[in-house]
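Colleague: File follows, final22.txt with compact mmCIF, C-alpha atoms:
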# COMPACT_ATOMS: atom_id res chain seq x y z
CA MET A 27 12.60 1.21 2.42
CA THR A 28 13.68 -0.68 5.48
CA THR A 29 13.10 -4.30 6.30
CA ALA A 30 12.55 -4.76 9.98
CA THR A 31 13.90 -7.63 12.01
CA ASP A 32 11.13 -9.30 13.96
CA LYS A 33 11.51 -9.00 17.68
CA ASN A 34 11.20 -12.06 19.85
CA PRO A 35 7.80 -11.77 21.48
CA GLN A 36 7.61 -12.25 25.22
CA GLU A 37 5.71 -15.37 26.15
CA GLU A 38 2.91 -14.79 28.65
CA SER A 39 1.93 -18.26 29.75
CA ASP A 40 -0.59 -17.14 32.35
CA ALA A 41 -3.97 -17.26 30.62
CA THR A 42 -5.76 -15.06 33.14
CA PRO A 43 -7.16 -11.77 31.87
CA VAL A 44 -5.29 -8.53 32.47
CA VAL A 45 -6.42 -4.96 33.09
CA ALA A 46 -5.82 -2.62 30.16
CA LYS A 47 -3.39 0.23 30.89
CA ASP A 48 -5.73 3.19 30.93
CA SER A 49 -8.94 1.39 31.70
CA LYS A 50 -10.74 -0.51 34.40
CA LEU A 51 -11.99 -2.86 31.71
CA ILE A 52 -10.69 -6.39 31.56
CA THR A 53 -9.11 -7.55 28.31
CA ALA A 54 -8.59 -11.23 27.54
CA LYS A 55 -5.30 -12.73 26.49
CA ARG A 56 -5.18 -14.16 23.00
CA LYS A 57 -2.97 -16.44 20.93
CA TYR A 58 -0.83 -14.60 18.38
CA PHE A 59 1.19 -16.08 15.52
CA TYR A 60 4.41 -14.23 14.65
CA PRO A 61 5.36 -15.02 11.03
CA GLY A 62 8.79 -13.45 11.64
CA THR A 63 9.73 -16.08 14.21
CA GLY A 64 7.23 -18.79 13.30
CA LYS A 65 6.07 -18.95 16.93
CA THR A 66 2.65 -18.65 18.55
CA VAL A 67 2.52 -16.93 21.93
CA THR A 68 -0.26 -16.08 24.35
CA ARG A 69 -0.33 -12.43 25.33
CA ALA A 70 -2.73 -9.61 26.06
CA ALA A 71 -4.09 -7.65 23.13
CA LYS A 72 -2.37 -4.32 22.65
CA ALA A 73 -3.59 -2.00 25.40
CA PRO A 74 -5.75 0.75 23.92
CA ALA A 75 -3.90 4.02 23.46
CA VAL A 76 -4.68 6.84 25.86
CA LYS A 77 -7.47 8.62 24.03
CA THR A 78 -6.92 12.36 23.84
CA LYS A 79 -9.57 14.81 22.77
CA ASP A 80 -9.34 15.11 18.99
CA THR A 81 -10.12 18.73 18.30
CA SER A 82 -9.83 18.27 14.54
CA THR A 83 -13.28 16.73 14.20
CA ASN A 84 -16.30 18.88 13.55
CA GLU A 85 -18.94 16.73 15.14
CA GLU A 86 -22.30 18.38 15.43
CA THR A 87 -24.88 17.82 18.07
CA LYS A 88 -27.72 15.71 16.76
CA MET B 11 20.10 -9.26 -4.09
CA GLU B 12 17.01 -10.85 -5.57
CA ASN B 13 14.19 -11.27 -3.08
CA ASP B 14 11.12 -12.49 -4.94
CA PHE B 15 8.01 -13.37 -2.95
CA ILE B 16 4.34 -14.28 -3.32
CA GLY B 17 1.46 -12.08 -2.18
CA ARG B 18 0.72 -14.36 0.75
CA ARG B 19 3.86 -12.99 2.47
CA ILE B 20 2.50 -9.44 2.52
CA SER B 21 0.91 -8.47 5.85
CA TYR B 22 -1.39 -5.54 6.63
CA GLY B 23 -2.10 -4.12 10.08
CA LEU B 24 -4.36 -1.40 11.39
CA ALA B 25 -4.48 0.99 14.35
CA ILE B 26 -7.18 3.60 14.97
CA GLU B 27 -5.50 7.02 15.22
CA SER B 28 -5.92 8.81 18.55
CA VAL B 29 -5.37 12.11 16.72
CA ARG B 30 -6.48 12.25 13.10
CA GLY B 31 -3.48 12.19 10.76
CA THR B 32 -0.90 11.45 13.47
CA ALA B 33 0.61 8.05 12.74
CA GLU B 34 0.33 5.36 15.40
CA ASP B 35 3.46 3.43 16.35
CA SER B 36 2.14 -0.13 16.08
CA ALA B 37 -0.87 -2.02 14.77
CA GLU B 38 -3.73 -2.96 17.07
CA PHE B 39 -4.73 -5.69 14.61
CA TRP B 40 -2.95 -7.49 11.80
CA LEU B 41 -5.58 -8.52 9.26
CA PRO B 42 -5.31 -12.04 7.75
CA HIS B 43 -6.35 -10.86 4.29
CA LEU B 44 -7.73 -12.88 1.38
CA ASP B 45 -6.89 -10.22 -1.18
CA ALA B 46 -5.28 -6.81 -0.94
CA GLY B 47 -4.16 -4.03 -3.22
CA PHE B 48 -3.57 -1.12 -0.86
CA GLN B 49 -0.36 0.62 -1.98
CA ASP B 50 1.26 3.93 -2.87
CA LYS B 51 -0.03 5.84 -5.89
CA GLN B 52 1.09 9.00 -7.65
CA THR B 53 0.22 11.21 -10.56
CA LYS B 54 2.80 12.90 -12.76
CA ALA B 55 2.59 15.90 -15.06
CA LEU B 56 4.64 15.70 -18.24
CA ASN B 57 6.42 18.75 -19.63
CA GLU B 58 5.16 19.03 -23.22
CA SER B 59 6.63 22.45 -23.94
CA ALA B 60 7.98 22.71 -27.49
CA LEU B 61 11.76 22.70 -27.77
CA GLY B 62 12.05 22.84 -31.56
CA VAL B 63 12.06 19.06 -31.94
CA ILE B 64 9.30 16.57 -32.62
CA ASP B 65 9.72 14.75 -29.28
CA LYS B 66 6.54 15.30 -27.26
CA ASN B 67 7.78 15.28 -23.62
CA ASN B 68 11.03 16.56 -22.14
CA ASP B 69 10.53 16.34 -18.35
CA SER B 70 8.13 15.23 -15.60
CA ILE B 71 7.17 16.22 -12.09
CA VAL B 72 5.17 14.45 -9.37
CA THR B 73 1.96 16.36 -8.68
CA GLU B 74 0.10 14.11 -6.21
CA GLU B 75 1.16 11.26 -3.94
CA TRP B 76 -1.21 9.15 -1.85
CA ALA B 77 -2.07 5.54 -1.01
CA GLU B 78 -5.19 3.70 -2.12
CA GLY B 79 -6.62 0.22 -2.47
CA ASN B 80 -8.53 -2.61 -0.91
CA ILE B 81 -8.06 -5.11 1.88
CA ASN B 82 -10.41 -8.13 1.81
CA GLY B 83 -10.73 -10.76 4.50
CA LYS B 84 -12.99 -12.78 6.75
CA VAL B 85 -15.10 -11.01 9.34
CA MET B 86 -13.49 -11.73 12.74
CA VAL B 87 -15.22 -10.68 15.91
CA ASN B 88 -12.43 -8.57 17.45
CA SER B 89 -10.48 -7.00 14.59
CA PHE B 90 -13.54 -6.28 12.42
CA VAL B 91 -14.73 -3.72 14.97
CA GLY B 92 -11.76 -1.58 13.95
CA LEU B 93 -13.12 -1.47 10.40
CA LEU B 94 -16.66 -0.82 11.61
CA LEU B 95 -15.36 2.07 13.72
CA LEU B 96 -13.72 3.57 10.63
CA ALA B 97 -16.97 3.12 8.68
CA LEU B 98 -19.33 4.54 11.30
CA GLY B 99 -17.13 6.76 13.47
CA ASP B 100 -18.53 6.38 16.99
CA ILE B 101 -18.44 3.59 19.57
CA ASN B 102 -19.93 3.09 23.01
CA THR B 103 -18.52 0.20 25.04
CA THR B 104 -20.14 -1.34 28.10
CA ALA B 105 -19.69 -4.58 30.01
CA GLY B 106 -21.34 -7.55 28.31
CA THR B 107 -23.85 -9.85 29.95
CA GLY B 108 -21.25 -12.60 30.38
CA ALA B 109 -18.27 -11.95 32.68
CA GLY B 110 -15.21 -10.87 30.70
CA THR B 111 -17.25 -9.92 27.62
CA HIS B 112 -17.82 -6.45 26.21
CA LYS B 113 -20.65 -4.95 24.21
CA HIS B 114 -19.75 -2.33 21.62
CA VAL B 115 -22.47 -0.26 19.95
CA LEU B 116 -21.18 1.50 16.84
CA SER B 117 -23.11 4.41 15.40
CA ARG B 118 -22.62 7.01 12.70
CA LEU B 119 -20.59 10.05 13.80
CA ASN B 120 -22.13 13.18 12.28
CA SER B 121 -18.80 14.55 11.04
CA ASN B 122 -16.88 14.92 7.78
CA LEU B 123 -13.68 14.23 9.71
CA GLY B 124 -14.51 10.76 10.97
CA LYS B 125 -12.16 8.20 12.46
CA SER B 126 -8.91 7.54 10.63
CA ALA B 127 -6.36 4.76 10.90
CA THR B 128 -2.70 4.16 10.41
CA LEU B 129 -2.28 1.16 8.12
CA PHE B 130 0.88 -0.93 8.35
CA ARG B 131 2.43 -3.14 5.71
CA LYS B 132 5.28 -5.58 5.89
CA ASP B 133 6.70 -7.81 3.18
CA PRO B 134 10.17 -9.21 2.47
CA VAL B 135 11.40 -5.94 0.91
CA ALA B 136 9.48 -3.23 2.78
CA SER B 137 8.19 -2.31 6.22
CA VAL B 138 6.05 0.84 6.10
CA ARG B 139 3.05 2.65 7.56
CA TYR B 140 0.39 4.89 6.02
CA ALA B 141 -0.99 7.70 8.21
CA LEU B 142 -4.42 9.28 7.75
CA SER B 143 -5.88 6.18 6.10
CA VAL B 144 -9.61 6.75 5.73
CA LEU B 145 -12.16 4.09 4.85
CA SER B 146 -13.98 4.98 1.65
CA SER B 147 -16.27 1.94 1.59
CA LEU B 148 -16.93 -1.27 3.50
CA GLU B 149 -18.79 -4.22 2.02
CA ILE B 150 -19.86 -7.24 4.07
CA SER B 151 -20.79 -10.31 2.05
CA ILE B 152 -22.99 -13.05 3.54
CA VAL B 153 -23.44 -15.84 1.00
CA THR B 154 -24.82 -19.34 1.56
CA GLY B 155 -22.08 -21.89 2.17
CA GLU B 156 -19.27 -19.39 2.58
CA TYR B 157 -17.42 -17.45 5.24
CA VAL B 158 -18.75 -13.98 5.95
CA THR B 159 -16.20 -11.68 4.33
CA PHE B 160 -15.47 -7.97 4.00
CA THR B 161 -13.98 -5.71 1.36
CA ALA B 162 -12.55 -2.48 2.74
CA GLU B 163 -11.40 0.31 0.41
CA PHE B 164 -9.02 2.92 1.81
CA VAL B 165 -7.45 6.23 0.82
CA GLY B 166 -4.46 7.38 2.86
CA ARG B 167 -1.24 9.34 2.87
CA LYS B 168 1.74 7.82 1.11
CA SER B 169 3.88 5.34 3.01
CA GLU B 170 6.82 6.07 5.27
CA ASP B 171 9.42 3.57 6.46
CA HIS B 172 8.53 2.04 9.82
CA ASP B 173 9.78 -0.88 11.88
CA ASN B 174 6.83 -3.34 12.06
CA THR B 175 6.51 -6.60 13.96
CA VAL B 176 3.67 -8.69 12.56
CA SER B 177 1.45 -10.83 14.81
CA PHE B 178 -1.88 -12.36 13.85
CA ALA B 179 -4.52 -13.29 16.45
CA VAL B 180 -5.30 -16.92 15.66
CA ASP B 181 -8.15 -17.61 18.06
CA GLU B 182 -10.70 -14.99 17.00
CA ALA B 183 -14.24 -16.16 16.28
CA GLU B 184 -15.20 -16.11 12.60
CA PHE B 185 -18.62 -16.41 10.98
CA THR B 186 -20.08 -18.48 8.16
CA SER B 187 -23.50 -18.25 6.53
CA LYS B 188 -24.96 -20.80 8.96
CA TYR B 189 -24.61 -18.26 11.79
CA ALA B 190 -26.55 -15.57 9.90
CA ALA B 191 -30.20 -14.61 10.43
CA VAL B 192 -31.93 -11.86 8.44
CA LYS B 193 -34.95 -10.21 10.05
CA ILE B 194 -37.58 -7.86 8.69
CA GLY B 195 -40.54 -6.20 10.38
CA ALA B 196 -42.79 -3.19 10.20
CA TYR B 197 -41.15 0.20 10.64
CA GLY B 198 -40.65 0.74 14.37
CA ALA B 199 -40.82 -2.98 15.21
CA ASN B 200 -38.43 -4.60 17.68
CA LEU B 201 -36.74 -7.37 15.69
CA SER B 202 -34.87 -9.10 18.51
CA ALA B 203 -37.40 -11.97 18.61
CA ALA B 204 -38.47 -11.81 14.96
CA PRO B 205 -38.18 -15.00 12.85
CA ALA B 206 -35.36 -15.32 10.32
CA GLN B 207 -36.27 -14.69 6.67
CA ALA B 208 -35.55 -17.29 3.97
CA PHE B 209 -32.81 -15.36 2.15
CA LYS B 210 -29.98 -16.79 0.07
CA SER B 211 -27.51 -13.95 0.37
CA ALA B 212 -27.14 -10.43 1.69
CA THR B 213 -24.42 -7.91 0.90
CA ILE B 214 -24.12 -4.81 3.07
CA SER B 215 -22.47 -1.79 1.43
CA ILE B 216 -21.44 1.23 3.51
CA SER B 217 -20.25 4.16 1.42
CA ARG B 218 -18.35 7.10 2.94
CA GLU B 219 -17.62 9.03 -0.28
CA VAL B 220 -14.01 9.88 0.55
CA GLU B 221 -12.09 12.70 -1.14
CA ALA B 222 -8.45 13.67 -0.69
CA TYR B 223 -7.94 17.43 -0.31
CA TYR B 224 -4.68 18.93 -1.56
CA GLU B 225 -3.32 22.39 -0.80
CA LEU B 226 -0.62 24.58 -2.30
CA GLY B 227 2.91 23.77 -1.18
CA SER B 228 2.54 19.99 -0.95
CA VAL B 229 1.94 16.94 -3.14
CA THR B 230 0.42 14.89 -0.30
CA PRO B 231 -3.19 15.26 0.91
CA LYS B 232 -3.61 17.84 3.65
CA GLN B 233 -6.90 16.24 4.63
CA ILE B 234 -9.00 13.28 3.54
CA HIS B 235 -12.68 13.96 4.07
CA ASN B 236 -15.59 11.59 4.55
CA LYS B 237 -18.53 13.21 2.85
CA THR B 238 -21.94 11.49 2.75
CA PHE B 239 -22.94 8.33 4.63
CA ASP B 240 -25.03 5.82 2.68
CA VAL B 241 -25.91 2.20 3.37
CA THR B 242 -27.59 -0.37 1.14
CA VAL B 243 -28.15 -4.11 1.45
CA ALA B 244 -28.44 -6.22 -1.71
CA VAL B 245 -30.50 -9.37 -1.16
CA GLU B 246 -31.36 -12.58 -3.05
CA LYS B 247 -34.17 -15.02 -2.24
CA ARG B 248 -36.58 -17.49 -3.82
CA HIS B 249 -39.66 -15.93 -5.41
CA SER B 250 -42.27 -17.77 -3.35
CA ASP B 251 -44.73 -14.92 -2.96
CA ASN B 252 -45.24 -11.26 -3.77
CA THR B 253 -44.41 -9.86 -0.34
CA PHE B 254 -41.31 -7.89 -1.31
CA LYS B 255 -42.69 -6.93 -4.71
CA ASP B 256 -45.59 -5.34 -2.86
CA TYR B 257 -43.25 -3.66 -0.39
CA ALA B 258 -41.37 -2.13 -3.34
CA HIS B 259 -44.49 -0.97 -5.20
CA ASP B 260 -46.21 0.32 -2.05
CA ASN B 261 -43.04 2.15 -0.90
CA THR B 262 -43.43 0.47 2.49
CA LYS B 263 -40.94 1.48 5.18
CA LEU B 264 -39.53 -1.46 7.11
CA ALA B 265 -37.21 -2.28 10.01
CA PHE B 266 -34.35 -4.59 9.08
CA ALA B 267 -31.59 -6.47 10.91
CA ILE B 268 -28.89 -9.05 10.26
CA ASP B 269 -27.64 -11.15 13.18
CA LEU B 270 -24.33 -13.01 13.09
CA VAL B 271 -24.07 -15.23 16.16
CA ASN B 272 -21.34 -17.87 16.32
CA THR B 273 -23.24 -20.49 18.30
CA ASP B 274 -20.30 -22.90 18.21
CA ASP B 275 -17.93 -20.58 20.08
CA LYS B 276 -18.07 -19.43 23.69
CA ILE B 277 -16.28 -16.41 25.12
CA GLY B 278 -15.93 -14.76 28.52
CA THR B 279 -14.27 -15.99 31.68
CA ALA B 280 -17.16 -18.43 32.21
CA ASN B 281 -17.27 -19.45 28.54
CA ASP B 282 -20.99 -18.76 28.51
CA THR B 283 -21.43 -16.14 25.76
CA ASN B 284 -21.57 -16.48 21.97
CA PRO B 285 -19.57 -13.85 20.05
CA SER B 286 -21.94 -11.87 17.87
CA ILE B 287 -22.37 -8.97 15.44
CA THR B 288 -25.80 -7.42 14.85
CA PHE B 289 -26.48 -4.91 12.09
CA ALA B 290 -29.74 -2.98 12.56
CA TRP B 291 -31.61 -0.46 10.42
CA PRO B 292 -34.71 1.20 11.88
CA LYS B 293 -35.97 2.35 8.48
CA VAL B 294 -35.35 0.87 5.02
CA VAL B 295 -37.25 0.76 1.75
CA VAL B 296 -37.22 -1.95 -0.92
CA SER B 297 -35.91 -0.76 -4.28
CA GLU B 298 -34.60 -2.28 -7.52
CA TRP B 299 -36.85 -5.33 -7.08
CA GLU B 300 -36.28 -7.74 -9.97
CA LEU B 301 -37.06 -11.34 -10.92
CA GLY B 302 -34.51 -13.83 -12.16
CA GLN B 303 -36.39 -16.34 -14.34
CA GLY B 304 -33.94 -18.48 -16.30
CA LEU B 305 -35.71 -21.39 -18.03
CA ASP B 306 -34.07 -24.08 -15.92
CA ASP B 307 -33.54 -22.08 -12.73
CA ILE B 308 -35.67 -21.69 -9.62
CA VAL B 309 -37.28 -18.29 -10.09
CA SER B 310 -35.59 -15.89 -7.71
CA GLU B 311 -35.91 -12.27 -6.74
CA SER B 312 -33.24 -9.73 -5.96
CA PHE B 313 -33.67 -6.30 -4.50
CA THR B 314 -31.91 -3.60 -2.55
CA LEU B 315 -32.84 -2.44 0.92
CA GLN B 316 -31.97 1.24 0.94
CA GLY B 317 -31.12 2.62 4.38
CA LEU B 318 -33.00 5.80 5.32
CA PHE B 319 -32.18 8.25 8.08
CA ASP B 320 -34.83 7.81 10.77
CA THR B 321 -35.67 11.09 12.44
CA VAL B 322 -37.35 9.29 15.34
CA SER B 323 -34.32 7.25 16.45
CA GLY B 324 -31.83 9.74 14.97
CA LYS B 325 -29.91 7.16 12.96
CA GLN B 326 -29.72 5.21 9.71
CA MET B 327 -28.04 2.13 11.19
CA ASP B 328 -26.02 0.87 14.11
CA VAL B 329 -23.97 -2.24 14.80
CA THR B 330 -23.71 -4.11 18.09
CA VAL B 331 -20.73 -6.41 18.70
CA VAL B 332 -20.18 -8.73 21.66
CA ASN B 333 -16.57 -9.88 22.08
CA GLU B 334 -13.72 -9.95 24.59
CA THR B 335 -11.94 -6.77 23.51
CA ALA B 336 -12.02 -4.15 26.25
CA ALA B 337 -11.75 -0.98 24.18
CA TYR B 338 -11.02 0.35 20.70
Could you express the structure from this file as structure tokens?
Modeller:
Amino acid sequence: MTTATDKNPQEESDATPVVAKDSKLITAKRKYFYPGTGKTVTRAAKAPAVKTKDTSTNEETK
Amino acid sequence: MENDFIGRRISYGLAIESVRGTAEDSAEFWLPHLDAGFQDKQTKALNESALGVIDKNNDSIVTEEWAEGNINGKVMVNSFVGLLLLALGDINTTAGTGAGTHKHVLSRLNSNLGKSATLFRKDPVASVRYALSVLSSLEISIVTGEYVTFTAEFVGRKSEDHDNTVSFAVDEAEFTSKYAAVKIGAYGANLSAAPAQAFKSATISISREVEAYYELGSVTPKQIHNKTFDVTVAVEKRHSDNTFKDYAHDNTKLAFAIDLVNTDDKIGTANDTNPSITFAWPKVVVSEWELGQGLDDIVSESFTLQGLFDTVSGKQMDVTVVNETAAY
């Protein structure tokens, strides 16, 4: 088992919303507490991952 | 080196998997839990073959390895959608009424390979992740005078070492019982303007009947299936009339909804929208109706609202969330 060292989060002081990476949608910035550093920073939520077609599902048409 | 720690220093995070069973690199949400027991499990087979001595076992092998357990916490308007997505499987996101807000409608995906997550854990002696973590049940508890809380039970693959950086969102809207309104109407009724019922508590239980599937050549689950989808709501209220007793005895089908609207919080770029979660069932039936009649207690009634698949709307339930998160 490894114990990770917490990275120093990048402060994003600008409180204006940002555009998510793969989307035209606007996502708000939020305040996050990092227990590893004891600091609270304002940053965008993690941009949603690029959604690929998941061929493993067996969804049926209703 | 000794490195003792209390449970409060354990952190759990969650990311919805883009491809089922392929571990995500980092958590979308770290969950400020109130209780948690999710951890690695294993079964062993003991070698009991006789070796001419009275000692019963002479060896052991690991036969199955997986992860299992609960994460409990308060319902928060952004991160809780991740759990709802695991419970229901499908989401449709559109722009909300207020600028900078988003409306997410979650509905049941008709699949036995629903959404999965990678769970992350970090504590002073371990930093790991669990791929193919599947929600087996989700319970939402709305009790007078308390925060609205959830209990999520998971089954997943065993942990692997992973470098995690923990960060908790500290400005998410939460909900208490004062923001809750329970609504009931005739089957097919629109409940958006219906009056709130005088209920004391409501507990929503979503069951996904999860089963790990093992194959030859491995001790870890090849697949973890969601089987049936079943929803019930357990309710308590004063026994002031025979309305729900009659519903139970007459087998009356009803429409049912629970609104959680945090009227003390505003979201959106214009700060003009209340964050909200609405659970809606087009068709339920009252079952297990029972009186509580202790000598010195206010006589109460408890019953279960059993969700039924409605062939007209093509669903058993859906959930609508309004928050500031762009996509899940």
Colleague: Neighbours of segment 102-119 of chain B within 6 Å (all atoms listed in the file; same-chain residues fewer than 2 positions away dropped), as a list of chain:residue names?
Modeller: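 Near neighbours after the sequence-gap exclusion: B:Leu98, B:Gly99, B:Asp100, B:Ser121, B:Gly278, B:Thr279, B:Thr283, B:Asp328, B:Val329, B:Thr330, B:Val331, B:Val332, B:Asn333, B:Glu334.
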Colleague: Write the residues you've just listed into a file as a compact mmCIF listing (two decimals), in the frame of the given file, and include C-alpha atoms for each of them.
Modeller:
# COMPACT_ATOMS: atom_id res chain seq x y z
CA LEU B 98 -19.33 4.54 11.30
CA GLY B 99 -17.13 6.76 13.47
CA ASP B 100 -18.53 6.38 16.99
CA SER B 121 -18.80 14.55 11.04
CA GLY B 278 -15.93 -14.76 28.52
CA THR B 279 -14.27 -15.99 31.68
CA THR B 283 -21.43 -16.14 25.76
CA ASP B 328 -26.02 0.87 14.11
CA VAL B 329 -23.97 -2.24 14.80
CA THR B 330 -23.71 -4.11 18.09
CA VAL B 331 -20.73 -6.41 18.70
CA VAL B 332 -20.18 -8.73 21.66
CA ASN B 333 -16.57 -9.88 22.08
CA GLU B 334 -13.72 -9.95 24.59
Colleague: Mind pulling up the distance from atom CA of Thr273 of chain B to atom CA of Val87 of chain B?
Modeller: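 Value for the atom CA of Val87 of chain B-atom CA of Thr273 of chain B distance: 12.9 Å.
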Colleague: Tell me which of B:Leu44, B:Ala203, B:Leu226, B:Ile150 sits closest to Thr73 of chain B, counting only C-alpha atoms.
Modeller: B:Leu226
Colleague: Could you state the separation of atom CA of Arg248 of chain B and atom CA of Ser310 of chain B in Å, given to one decimal place?
Modeller: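 For atom CA of Arg248 of chain B relative to atom CA of Ser310 of chain B, the distance reads 4.3 Å.
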Colleague: Quick one: distance from atom CA of Asp181 of chain B to atom CA of Glu34 of chain B in Å, one decimal?
Modeller: 24.6 Å
Colleague: With distances taken over only C-alpha atoms, which residue among B:Val176, B:Ile26, B:Ile64, B:Ala280 lies nearest Pro61 of chain A?
Modeller: B:Val176
Colleague: Within 7 Å of segment 138-145 of chain B, counting only C-alpha atoms, which residues qualify if same-chain residues fewer than 6 places away don't, as a PDB file with C-alpha atoms, in the coordinates of the input?
Modeller:
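Dumped to result-v2.pdb:
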ATOM      1  CA  ARG B  30      -6.480  12.250  13.100  1.00  0.00           C
ATOM      2  CA  GLY B  31      -3.480  12.190  10.760  1.00  0.00           C
ATOM      3  CA  THR B  32      -0.900  11.450  13.470  1.00  0.00           C
ATOM      4  CA  ALA B  33       0.610   8.050  12.740  1.00  0.00           C
ATOM      5  CA  LEU B  96     -13.720   3.570  10.630  1.00  0.00           C
ATOM      6  CA  ALA B  97     -16.970   3.120   8.680  1.00  0.00           C
ATOM      7  CA  SER B 126      -8.910   7.540  10.630  1.00  0.00           C
ATOM      8  CA  ALA B 127      -6.360   4.760  10.900  1.00  0.00           C
ATOM      9  CA  THR B 128      -2.700   4.160  10.410  1.00  0.00           C
ATOM     10  CA  LEU B 129      -2.280   1.160   8.120  1.00  0.00           C
ATOM     11  CA  PHE B 130       0.880  -0.930   8.350  1.00  0.00           C
ATOM     12  CA  ARG B 131       2.430  -3.140   5.710  1.00  0.00           C
ATOM     13  CA  LYS B 132       5.280  -5.580   5.890  1.00  0.00           C
ATOM     14  CA  ALA B 162     -12.550  -2.480   2.740  1.00  0.00           C
ATOM     15  CA  GLU B 163     -11.400   0.310   0.410  1.00  0.00           C
ATOM     16  CA  PHE B 164      -9.020   2.920   1.810  1.00  0.00           C
ATOM     17  CA  VAL B 165      -7.450   6.230   0.820  1.00  0.00           C
ATOM     18  CA  GLY B 166      -4.460   7.380   2.860  1.00  0.00           C
ATOM     19  CA  ARG B 167      -1.240   9.340   2.870  1.00  0.00           C
ATOM     20  CA  LYS B 168       1.740   7.820   1.110  1.00  0.00           C
ATOM     21  CA  SER B 169       3.880   5.340   3.010  1.00  0.00           C
ATOM     22  CA  GLU B 170       6.820   6.070   5.270  1.00  0.00           C
ATOM     23  CA  ASP B 171       9.420   3.570   6.460  1.00  0.00           C
ATOM     24  CA  HIS B 172       8.530   2.040   9.820  1.00  0.00           C
ATOM     25  CA  ILE B 234      -9.000  13.280   3.540  1.00  0.00           C
TER      26      ILE B 234
END
Colleague: Can you work out which one of B:Ala190, B:Ala37, B:Ala136, B:Ala77 has the shortest atom-to-atom distance to chain A, counting all atoms listed in the file?
Modeller: B:Ala136
Colleague: Fewer than 4 positions away in the same chain doesn't count, so skip those; otherwise give me all residues within 7 Å of segment 255-261 of chain B, counting only C-alpha atoms, as a JSON list (two decimals) with C-alpha atoms, in the frame of the given file.
Modeller:
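Heads up, here's the output in out13.json:
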[["chain", "number", "residue", "atom", "x", "y", "z"],
["B", 295, "VAL", "CA", -37.25, 0.76, 1.75],
["B", 296, "VAL", "CA", -37.22, -1.95, -0.92],
["B", 297, "SER", "CA", -35.91, -0.76, -4.28],
["B", 299, "TRP", "CA", -36.85, -5.33, -7.08]]
Colleague: Return the single residue from B:Pro134, B:Asn174, B:Val220, B:Val153 that is closest to Asp14 of chain B, with distances computed using all atoms listed in the file.
Modeller: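 Nearest to Asp14 of chain B: B:Pro134.
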Colleague: Would you kindly identify which residues have an atom no farther than 8 Å from (-6.5, 0.8, -6.1), using all atoms listed in the file and the file's own coordinates, and write them out as a PyMOL selection string?
Modeller: chain B and resi 47-49+78-80
Colleague: Within 6 Å of chain A, which residues of chain B are there when counting all atoms listed in the file? Please give them as a VMD selection string.
Modeller: chain B and resid 28 to 29 38 120 to 121 123 135 to 137 171 173 175 to 180 335 to 336
